Each structure stands twice: as C-alpha cells, then as structure tokens.
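Enquirer: Submitted below is the structure of interest, expressed as structure tokens.
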Amino acid sequence: MPTLNVASELYTADSVLIGRYFEEDRDPVPYDSISHHVLNALIATEDVRFYQHRGIDFLGLVSGAASTLKGDPRGASTITQQLAKNLFKTRYAHSQGLLSKIPGIRILITKYKEWMTASKLESRYAKKEIITMYLNTVSFSNNAYGIKTASLRYFNKLPSALTINESALLVGMLKGTTIYNPIRNPKNALQRRNVVLSQMEKAGYLKSNDMKVLSKDSLNLNLNYQDKKDANDSYLRAAVERWLDKWSQDNEIDIHKAGLKIYTTIDSRMQTIAEDVVAKKMEELQRRLKNVWGNDDPWRDKEGNILPGFLENHARKLPLYSALMQKYNNNEEAVFAALKVKKEMEVFTWKGMEKVNYSTMDSLKHYIMMLNTGMMAMNPYNGEIKVWVGGINHHYYKFDHVNQAKRQAGSTFKPFAYMAALESGMSPCDKFEDKPVKIEFTNKKGEHEVWEPKNADWSVSHREMSLRWAMARSLNTITAQVTEAVGWDRVVDIAHQCGIESKLESVPSVGLGSNDVSVLEMVRGYSTFMNAGKRTEPILVSKIVDADGNVIASFKSEQKQVISPENAWLMTYMLRGTVEEPGGTSQALWEWDLFRNNNEIGGKTGTSSDYVDGWYMGVTKDLVTGVWVGCDEQSIHFKSSATGEGSKTALPIYAMFLEELYKHPELGVTFGKFPEPTVAITKDYKCPSPRIRVETPSDSTETEDVDHLEGLEGLEGTIDANSQEHTEHPEQK
C-alpha cells in the first residue's frame with residue numbers, strides 16, 4: 001500500500017485549526033463521510049460497471065469506444081485502473097523501464113502495469129475502499145487533492161453535505177482540472193457538469209425531469225473557505241515550520257506529506273485579541289507617522305539629512321528592475337522612467353486593500369513606510385507561548401519580528417544591569433547619585449575612549465536614589481554607574497544566563513540596551529525573573545499526532561536555575577516600581593482599567609536612538625509579554641518622544657491587550673498580586689521614594705522636558721513601599 005502525501009494540520013492549544021502544511025493539499029476522509037451523490041456521479045461518468053468488474057472491464061473498453069464514436073463519451077479506464085495510476089504514478093518517467101524507450105511499446109507496458117495493479121487492488125480491497133481511495137487521491141486543481149479539500153475549496157462544506165449539482169461539478173472536473181476549473185473557466189465547468197448530470201440520468205441515478213431542472217441551475221460556488229484559511233499564510237504557521245525543522249530532520253519526517261496533527265501552545269482567543277489590538281493601534285500609529293512627515297521624504301541620516309538615492313537603491317533590489325534592465329538593454333534611465341509610470345493597482349492598507357493610481361516607485365514608498373511590529377506573550381512558568389504576532393501582514397512582510405528580527409533594545413535591557421547588581425550583592429535600596437558620569441575605558445582596538453551618558457532630559461538632580469527608583473525612572477546616569485560598578489562583562493553574562501542568546505558587545509553602554517536582540521529573547525529573559533530565577537525555554541509546539549492518532553512527539557520546556565530565587569523576586573519587585581514609583585516610566589498604564597483587586601503589573605519601556613525602535617516589556621503574575629514597534633528601514637522613524645518613544649507606541653498595545661484579557665478570566669489571565677517569594681528575603685527592599693512630581697516620565701533614551709518639583713523629602717520612610725499610595729497617578733499630575 002503506497003503512502004499518500006497527506007497535508008499536516010496546525011492547531012492551537014484549544015484545538016482550532018489555523019493552518020496546513022502540504023505539497024499536495026489533501027485530507028483523506030472515510031467512505032461514510034462522502035455524499036452518495038458524489039459516488040453516483042463518479043460511477044455514472046467514469047465507470048458505470050464499477051460493481052460488476054474486477055479491476056479490468058474488457059466489455060467496458062469495447063462499449064466505451066462505441067459510445068465515444070456515437071458522441072456519448074465515457075472513460076475507457078476503470079476507477080480501479082485510475083487509482084492504480086494515481087497511487088503508483090505509472091505514467092511518470094521513474095516508473096518506466098528500458099522497454100518504454102521503444103516507440104509504441106511504452107503505452108502497452110504502462111497499460112499492462114495498470115491492469116496488473118488494478119487486479120491486485122481488487123483482490124485485496126473492497127469496492128468501498130477502492131472508490132474511497134480514489135476520491136482521496138485525485139486532483140481538483142488549485143492544489144486541492146482529494147474530495148474533502150475540493151469540497152471545502154469550492155463550496156465551503158464537507159463532502160458529506162455536497163448536493164447533486166455540486167457533486168456533478170467536482171466529478172466533471174476530473175476530465176480536465178484546468179479546462180473545467182469553475183473559477184478560471186466557469187462556462188466550461190457548467191457545460192461539463194451538465195454532461196455529468198446527463199450521465200447520471202442514463203445510469204438511473206436521476207430522473208429525467210430532475211436532470212432538466214438541475215441543469216438550469218448556476219454553479220453556486222462558495223469560495224469563502226479560502227478567506228478563512230488566510231492563516232495558511234501567517235507568521236505563526238511559518239514560525240512553527242521553522243520550529244520543527246530540526247525535529248523533522250532528526251526523525252526523517254516531512255510535515256508537508258505525513259498527515260500529522262501539530263498542536264501549538266497558542267491560545268486562539270488570546271491570539272485573536274492580540275491581533276485585533278495590534279491592527280487597531282498600528283493603524284493609529286501609521287497615521288501618526290504619516291502626519292509627522294507629511295509630504296517630506298522620511299528616510300534620513302543621523303543628522304536629519306535625506307539619504308540620497310534611498311528609494312532607487314531599494315528599487316534595484318526588485319525582480320522587476322532586473323527584468324526591465326534586460327528589456328531596455330541596461331539603460332537605467334529608461335528603467336526608472338518605466339518604474340515611475342502610474343497605473344491602477346491595489347495596495348495593502350489598514351482599511352483593507354485599496355485601489356490606487358500608483359507607479360512602482362509610489363508603491364515601493366508606500367510599503368517601505370509602513371510601521372511593523374512584533375509581539376509575543378508567554379507563560380513564564382511552563383514556557384508555553386500563548387501569543388505570536390510576527391508582523392502586520394505576512395503576505396507582504398515575510399520577516400518575523402518575534403524571533404527573526406533583532407533590534408536595539410534600549411531601556412528594556414536595563415533590568416539585566418540591575419540584576420547583575422543584585423547578583424553582585426547589592427539590594428534594591430542601595431543608593432546611587434543622579435550626577436554627571438564620565439567613564440574612561442579601552443576599547444577592543446586598544447584605544448582610549450571616554451563615555452559620558454546623559455539622562456533623557458539632559459539634566460541631573462544630584463539626588464541619592466535607590467536602585468528601584470532609578471530603574472523605575474530609567475535614569476541613564478545611574479544605570480551607567482551600576483554597570484561600571486559590577487562590570488559590563490558581568491552584565492553581558494547575566495543577560496546571557498537569563499535568556500539573551502544574541503551576541504552582546506561588552507561595552508560601558510551595554511546596560512542601556514545598545515545591542516540588538518529579538519522579542520523572543522527579551523520575553524525569555526524577563527520570564528527568568530518571574531519564574532524564581534529559572535531560565536525557561538519557550539515552546540511553541542506541545543505535541544504531534546500521526547495520521548493514526550498516535551502521539552509521536554511531545555514537548556516540554558527545559559528549565560535551569562540561573563539566578564538566585566531571592567534576586568529574581570527582588571527584580572519583579574523592582575519592575576513593579578515603573579508603575580508604583582514617582583516618575584515611573586510605566587505610569588501610563590494607569591490610563592487603562594488594569595488595577596482592580598490590588599492587581600500588580602511590572603514592566604519596562606524602551607526607545608532606541610532617534611526613536612527608531614519602541615519597546616515595552618510587561619509582566620503580570622500569569623504572563624510575560626514583549627512588544628516592539630518600528631519600521632523595517634531604520635532610517636524611517638518618528639521625530640520626537642511625544643510621538644515615537646516606547647511608552648507612546650509599544651506600551652499602549654500591551655495595555656490594550658491586557659485590558660481585553662482581563663475581561664475574559666476564563667483564559668487564565670486574572671487580576672492579582674505577584675507570587676510571594678519562595679525563599680526568605682534577606683536584603684533590604686522596603687525603601688519608599690520621596691514623592692516628587694514628574695510631568696512626563698520617559699524611558700530615558702531620548703531628550704525630553706521633565707519638570708521636577710522638589711520637596712516632600714520628609715515623607716521618606718513614612719510611606720509603605722508595598723502600598724500604592726505613594727504612586728503618582730495621572731490625575732494627580
């Protein structure tokens with residue numbers, strides 16, 4: 001029995017089908033799942049004596065030839081012979097021997113093989129099994145193999161629900177899947193369907209009056225199934241394929257042919273919430289970016305100058321450019337003239353596909369100016385990834401911004417510097433002065449360098465600040481001092497231990513997020529904090545079931561203790577500080593309904609130089625989430641912190657996502673406090689900060705006007721650090 005190439009199916013953790021992998025899109029069904037109208041139409045058209053012969057119908061050969069001469073065409077091969085041809089590819093070159101090279105002999109040998117194989121099939125399988133195998137193997141065009149895929153593709157229903165006319169249409173396609181394709185050639189398909197209806201009448205499956213009525217009906221296609229399966233071109237489907245690449249090689253299993261059921265850890269409901277939030281917010285951010293630049297070209301260098309030839313250089317990478325260069329004999333001037341010719345086309349927008357009158361250069365500019373995003377949410381205790389949003393549209397932007405893209409982390413990286421401090425013996429209450437910093441060091445080339453980091457507002461307060469408060473305020477001056485105190489090599493080591501696998505340059509600025517990392521790495525790193533210091537490997541696939549229903553693989557997260565449970569808990573307490581401390585950079589979260597029932601949230605904003613990248617990392621008792629926003633082209637970005645910093649781009653996506661999650665407690669993400677420490681906390685951490693008023697918290701990587709209203713130092717030590725009474729709410733500002 002040959003093995004069919006059967007599509008594998010991709011499911012969420014809650015058993016929602018979200019994609020398929022196939023070379024031949026086939027999903028076999030049993031006999032009792034096929035409408036009897038399909039069986040009748042097939043037998044009447046292809047093999048009217050199917051139940052009388054044993055694989056080879058010699059009488060049918062003679063009567064078929066005679067009928068054809070009379071204008072009543074019937075196939076000469078039996079259904080069993082056609083099955084033999086489909087299963088064993090008898091007419092392909094690899095099935096031919098030396099005798100096939102002799103003129104006139106090849107077809108005789110091929111026919112003999114098909115007869116022999118058909119005879120063996122008939123001796124081993126019942127008629128029901130044969131006709132079922134046949135309907136599961138045949139092609140119906142548009143990469144639809146088998147009756148189930150075809151019925152879904154053309155009528156959006158299962159094969160058991162097919163009507164007489166629908167069955168006749170599909171069976172009629174078997175004579176020529178291209179010429180009788182109802183999408184490409186509806187007139188031909190209609191004529192062929194009526195021929196099948198006529199054959200069904202002659203075979204006694206239809207009454208004459210019924211046939212006449214049915215033949216007047218239209219095709220009544222329902223192509224909506226394709227729209228539902230747009231997930232087949234999704235970041236998630238592609239991510240799982242990459243995820244399983246090594247497993248497939250190690251086990252010599254091709255997921256495109258094996259008919260597997262692959263279950264991911266994704267929750268379909270959480271994924272839908274995330275995708276809806278991203279679509280809503282990214283539309284707003286795209287409009288904001290467009291308003292920022294107006295009609296000006298946005299591609300700029302560090303000094304704000306337009307990059308010469310920027311769009312032209314991107315045009316030269318297009319396949320169309322190469323084709324036009326050949327057409328115009330390498331005359332680039334003529335090529336660009338052609339690329340600037342306007343024509344009717346459709347482009348992707350957040351309002352759907354929009355008809356525009358664009359040139360190729362206009363279209364290129366449109367797509368290159370689109371903001372993109374990456375978002376991932378994970379259970380920090382078992383590593384199960386619950387949400388994976390790799391970008392804005394996989395059809396137009398294939399690059400995955402969760403684990404393929406790496407961007408400068410900005411201030412979201414600072415917790416690793418503070419974790420290095422905790423691991424070196426410091427406590428959240430240890431204090432550093434917010435003062436000018438000058439660090440001299442020798443670079444890798446042996447050259448002497450001086451680095452003088454500045455705060456976001458280009459000022460210093462000369463205030464003694466606890467580590468918790470300094471991290472909450474995202475002060476570059478204190479982060480730089482902390483990094484120098486523990487050593488930048490140590491910061492790199494801690495980041496790697498926690499889950500950052502990208503190469504990190506060990507330089508004084510490492511604590512400020514000067515290196516490129518992925519969203520997945522950052523989520524894994526922050527999950528180490530939440531999971532009592534255990535590094536938890538993210539898992540995207542939970543189990544794989546074969547075509548017979550056997551679980552052939554299951555996956556669990558690998559965990560390793562990499563930092564002390566005490567310091568991990570202290571870091572979660574410090575992350576809460578960005579919400580609770582005066583001037584904390586996450587205080588914008590108070591604008592959403594997130595703090596019922598004494599709920600606790602921690603997080604960190606991040607913005608890279610020139611507002612190229614906006615980040616937010618959020619942690620709750622149930623979930624660790626990372627969000628990145630930016631353009632794929634780093635020369636295109638916002639102009640100011642008011643429009644482009646992480647608290648204005650990525651944080652709102654996180655807040656809207658979490659707010660919607662909290663409306664559905666059945667999903668397992670609920671209000672509540674962070675987990676209690678699993679070990680005794682010996683370090684001092686209850687050190688309330690003085691209540692100063694800060695107009696606009698910043699993630700401290702870009703210049704921003706911040707108004708410090710001094711005073712209230714007398715309150716220090718009198719406010720419970722675990723209460724929210726010392727927190728600056730938006731309405732208090």
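Going through the structure tokens in order, the chains are called A, B, and so on, while each chain numbers its residues from 1 and the ligands are numbered from 1 in the order shown.
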Any chance you could list, as number ranges by chain, the residues in stretch 414-639 of chain A that come up alpha helix (DSSP H) when DSSP is run on the backbone?
Expert: A: 414-423, 467-473, 476-486, 488-498, 519-530, 565-580
Enquirer: Fewer than 5 positions away in the same chain doesn't count, so skip those; otherwise give me all residues within 12 Å of A:Tyr321, counting only C-alpha atoms, as a VMD selection string.
Expert: chain A and resid 312 to 316 326 to 340 360 to 361
Enquirer: Give me every strand (DSSP E) residue in stretch 287-426 of chain A, going by DSSP on the backbone, as a VMD selection string.
Expert: chain A and resid 343 to 349 352 to 358 371 to 378 385 to 389 407 to 408
Enquirer: I'd like to know which of A:Ile164, A:Leu320, A:Val482, A:Val612 is closest to A:Glu633, using only C-alpha atoms.
Expert: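 The shortest atom-to-atom distance to A:Glu633 comes from A:Val612.
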Enquirer: Check the smallest atom-to-atom distance from each of A:Trp458, A:Phe674, A:Tyr418, A:Tyr235 to A:Met571 using only C-alpha atoms, then report the winner.
Expert: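 Among the listed residues, A:Tyr418 lies closest to A:Met571.
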